[in-house]
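For reference, query_5.txt (compact mmCIF, C-alpha atoms):
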# COMPACT_ATOMS: atom_id res chain seq x y z
CA MET A 1 83.31 114.17 76.73
CA LYS A 2 86.22 113.26 74.47
CA GLY A 3 88.79 113.66 77.28
CA THR A 4 86.65 111.70 79.73
CA MET A 5 86.26 108.85 77.28
CA LYS A 6 90.05 108.75 76.81
CA LEU A 7 90.46 108.49 80.61
CA TYR A 8 87.96 105.62 80.82
CA ILE A 9 89.65 103.74 78.01
CA THR A 10 93.15 104.33 79.37
CA ALA A 11 92.04 103.20 82.85
CA ALA A 12 90.48 100.07 81.35
CA VAL A 13 93.71 99.29 79.48
CA PHE A 14 95.74 99.72 82.68
CA ALA A 15 93.30 97.47 84.57
CA ALA A 16 93.60 94.82 81.85
CA MET A 17 97.41 95.05 81.80
CA THR A 18 97.52 94.78 85.61
CA CYS A 19 95.29 91.71 85.51
CA VAL A 20 97.20 90.02 82.71
CA LEU A 21 100.67 90.65 84.15
CA THR A 22 99.50 89.56 87.62
CA PHE A 23 97.67 86.49 86.34
CA THR A 24 100.27 85.25 83.86
CA VAL A 25 103.57 85.88 85.68
CA LYS A 26 102.99 83.97 88.93
CA ILE A 27 105.83 82.98 91.21
CA PRO A 28 104.63 80.58 93.94
CA ALA A 29 105.03 81.89 97.49
CA PRO A 30 104.30 80.28 100.89
CA VAL A 31 100.92 82.06 100.89
CA GLY A 32 99.50 82.59 97.39
CA TYR A 33 101.89 83.87 94.74
CA THR A 34 104.07 86.83 93.92
CA HIS A 35 104.07 88.79 90.66
CA PRO A 36 105.34 91.99 89.01
CA GLY A 37 101.83 93.30 88.29
CA ASP A 38 102.15 96.20 90.70
CA CYS A 39 104.54 97.89 88.27
CA ILE A 40 101.52 98.59 86.04
CA ILE A 41 99.66 100.01 89.04
CA TYR A 42 102.59 102.38 89.66
CA LEU A 43 102.55 103.43 86.00
CA ALA A 44 98.79 104.04 86.10
CA ALA A 45 99.26 106.15 89.22
CA CYS A 46 101.86 108.29 87.42
CA ILE A 47 99.71 108.79 84.33
CA LEU A 48 96.03 108.76 85.34
CA PRO A 49 94.28 111.22 87.65
CA PHE A 50 92.08 110.34 90.60
CA PRO A 51 89.73 108.36 90.56
CA TYR A 52 90.88 106.59 87.39
CA ALA A 53 94.22 105.30 88.69
CA PRO A 54 92.78 103.78 91.90
CA ALA A 55 89.93 102.22 89.92
CA ALA A 56 92.29 100.68 87.37
CA ALA A 57 94.51 99.30 90.14
CA ALA A 58 91.62 97.89 92.15
CA VAL A 59 89.80 96.31 89.21
CA GLY A 60 92.94 94.85 87.61
CA GLY A 61 94.20 93.37 90.87
CA ALA A 62 90.79 92.03 91.93
CA LEU A 63 90.19 90.38 88.54
CA ALA A 64 93.59 88.69 88.79
CA ASP A 65 92.66 87.37 92.26
CA LEU A 66 89.40 86.01 90.89
CA LEU A 67 90.99 84.39 87.83
CA SER A 68 93.89 82.97 89.87
CA GLY A 69 91.63 81.15 92.30
CA TYR A 70 92.12 83.51 95.25
CA PRO A 71 88.68 85.17 95.51
CA GLN A 72 89.14 85.60 99.27
CA TYR A 73 91.68 88.34 98.48
CA ILE A 74 89.38 90.40 96.24
CA ILE A 75 88.15 92.75 98.99
CA PRO A 76 91.61 93.38 100.52
CA THR A 77 93.04 93.86 97.02
CA LEU A 78 90.41 96.47 96.15
CA PHE A 79 91.51 98.58 99.11
CA ILE A 80 95.26 97.91 99.09
CA LYS A 81 95.87 98.44 95.37
CA SER A 82 93.74 101.57 95.16
CA LEU A 83 95.47 103.09 98.21
CA MET A 84 98.90 102.34 96.73
CA THR A 85 98.14 104.68 93.79
CA MET A 86 97.60 107.67 96.11
CA LEU A 87 101.34 107.93 96.80
CA PHE A 88 102.49 108.76 93.28
CA THR A 89 102.23 112.01 91.35
CA ARG A 90 101.30 112.63 87.74
CA LYS A 91 102.12 116.35 87.81
CA SER A 92 105.38 115.95 85.87
CA GLU A 93 105.86 115.47 82.15
CA LYS A 94 107.99 112.45 83.07
CA ILE A 95 106.99 109.27 84.85
CA LEU A 96 110.42 108.51 86.26
CA ILE A 97 110.98 111.34 88.71
CA LYS A 98 112.58 111.11 92.13
CA ARG A 99 109.25 111.27 93.98
CA ASN A 100 107.72 108.38 92.02
CA VAL A 101 110.79 106.20 92.45
CA LEU A 102 110.84 106.88 96.20
CA MET A 103 107.10 106.20 96.50
CA THR A 104 107.65 102.59 95.48
CA ILE A 105 109.02 102.07 99.01
CA PRO A 106 105.91 103.15 100.99
CA ALA A 107 103.71 101.52 98.34
CA GLY A 108 105.59 98.27 98.87
CA LEU A 109 105.27 98.64 102.64
CA MET A 110 101.55 99.29 102.22
CA LEU A 111 101.27 96.11 100.17
CA ILE A 112 103.17 94.07 102.79
CA ALA A 113 101.22 95.49 105.73
CA GLY A 114 97.85 95.28 103.96
CA TYR A 115 98.16 91.65 102.99
CA PHE A 116 99.67 90.80 106.38
CA VAL A 117 96.57 92.18 108.13
CA ALA A 118 94.25 90.48 105.61
CA SER A 119 95.99 87.14 106.13
CA CYS A 120 95.82 87.54 109.92
CA ILE A 121 92.07 88.11 109.66
CA MET A 122 91.42 85.33 107.14
CA TYR A 123 93.86 82.76 108.50
CA ASP A 124 96.15 83.38 111.46
CA PHE A 125 99.27 85.25 112.51
CA PHE A 126 101.70 82.49 111.51
CA CYS A 127 100.21 82.14 108.05
CA ALA A 128 100.47 85.91 107.64
CA VAL A 129 104.12 85.83 108.68
CA GLY A 130 104.71 83.13 106.05
CA GLY A 131 103.45 85.48 103.35
CA ILE A 132 105.73 88.39 104.18
CA TRP A 133 108.74 87.21 102.14
CA GLY A 134 106.62 86.72 99.04
CA ASP A 135 105.22 90.23 99.44
CA ILE A 136 108.72 91.67 99.90
CA ILE A 137 109.83 89.96 96.67
CA GLN A 138 106.71 91.20 94.88
CA ALA A 139 107.23 94.80 96.04
CA THR A 140 110.91 94.78 95.11
CA MET A 141 110.35 93.16 91.72
CA SER A 142 107.49 95.52 90.86
CA ALA A 143 109.57 98.57 91.79
CA ALA A 144 112.47 97.42 89.61
CA VAL A 145 110.22 96.65 86.64
CA PHE A 146 108.43 100.00 87.12
CA VAL A 147 111.71 101.94 86.98
CA THR A 148 112.78 100.06 83.85
CA ILE A 149 109.49 100.53 81.99
CA ALA A 150 109.10 104.14 83.14
CA ALA A 151 112.56 105.01 81.81
CA GLY A 152 111.63 103.55 78.41
CA LEU A 153 108.27 105.32 78.32
CA ASP A 154 109.91 108.63 79.22
CA LYS A 155 112.40 108.21 76.35
CA ILE A 156 109.53 108.00 73.87
CA LYS A 157 107.63 110.83 75.64
CA PHE A 158 104.69 108.52 76.35
CA LYS A 159 102.78 110.91 78.60
CA GLN A 160 102.89 113.67 76.02
CA LYS A 161 101.81 111.31 73.23
CA LEU A 162 98.96 109.95 75.33
CA GLY A 163 97.70 113.49 75.80
CA LEU A 164 96.58 113.19 79.41
CA LEU A 165 98.89 115.84 80.88
CA ARG A 166 97.21 118.59 82.85
How does the structure come out when it is put into structure tokens?
Amino acid sequence: MKGTMKLYITAAVFAAMTCVLTFTVKIPAPVGYTHPGDCIIYLAACILPFPYAPAAAAVGGALADLLSGYPQYIIPTLFIKSLMTMLFTRKSEKILIKRNVLMTIPAGLMLIAGYFVASCIMYDFFCAVGGIWGDIIQATMSAAVFVTIAAGLDKIKFKQKLGLLR
């Protein structure tokens, strides 16, 4: 029970950090806004096991959509953000390993494609095309912030101190 409770609490903290970073650091884009909040999703995916990482990503992102006035994106966000976590591994003592750095690329592409399809369904093709550049900026920024934070967390042996290693 003690380990499970730690996972719930850690997932809740990651969800809250995702929401706060997404909600507070908003850069206006042609469709919606861009933000570095996905870097927290990447960190959660490297630290938390399934289903905790996808849940933290989905809840944090969806709450940010709700609070930011974009409730129409809640359902797409639930799917897109949780799927993005499936690409990373937590099997290493370090967060910043080659695999996790490389996985920011398909995760970013998943983000771009997912919101493109959602915007096509909700609006139209041209509106969806208008949102691509904002999503590219968001994916790139989140990857860069992830690498920076992960390097710092690895220096202080964060995963070992958290005690969630397998």
- prompt: Expressed in Å to a single decimal, how great is the separation between CA of Gly131 (chain A) and CA of Ile149 (chain A)?
  reply: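 We find that CA of Gly131 (chain A) and CA of Ile149 (chain A) lie 26.8 Å from each other.
For the choices A:Phe116, A:Pro54, A:Ser142, A:Leu153, the atom-to-atom distance to Leu21 (chain A) is smallest for A:Ser142 when using only C-alpha atoms.
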field: Non-local contacts of Cys19 (chain A) (12 Å; only C-alpha atoms; under 3 positions in same chain excluded) as a PyMOL selection string
entry: chain A and resi 12-16+22-26+35-41+56-68+77+81
query: For Ala144 (chain A), which of A:Leu78, A:Val117, A:Leu102, A:Leu111 is the closest residue, counting all atoms listed in the file?
result: A:Leu102
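Distances here use all atoms listed in the file; by that measure, the residue among A:Leu43, A:Ile97, A:Ala118, A:Ala29 closest to Gly134 (chain A) is A:Ala29.
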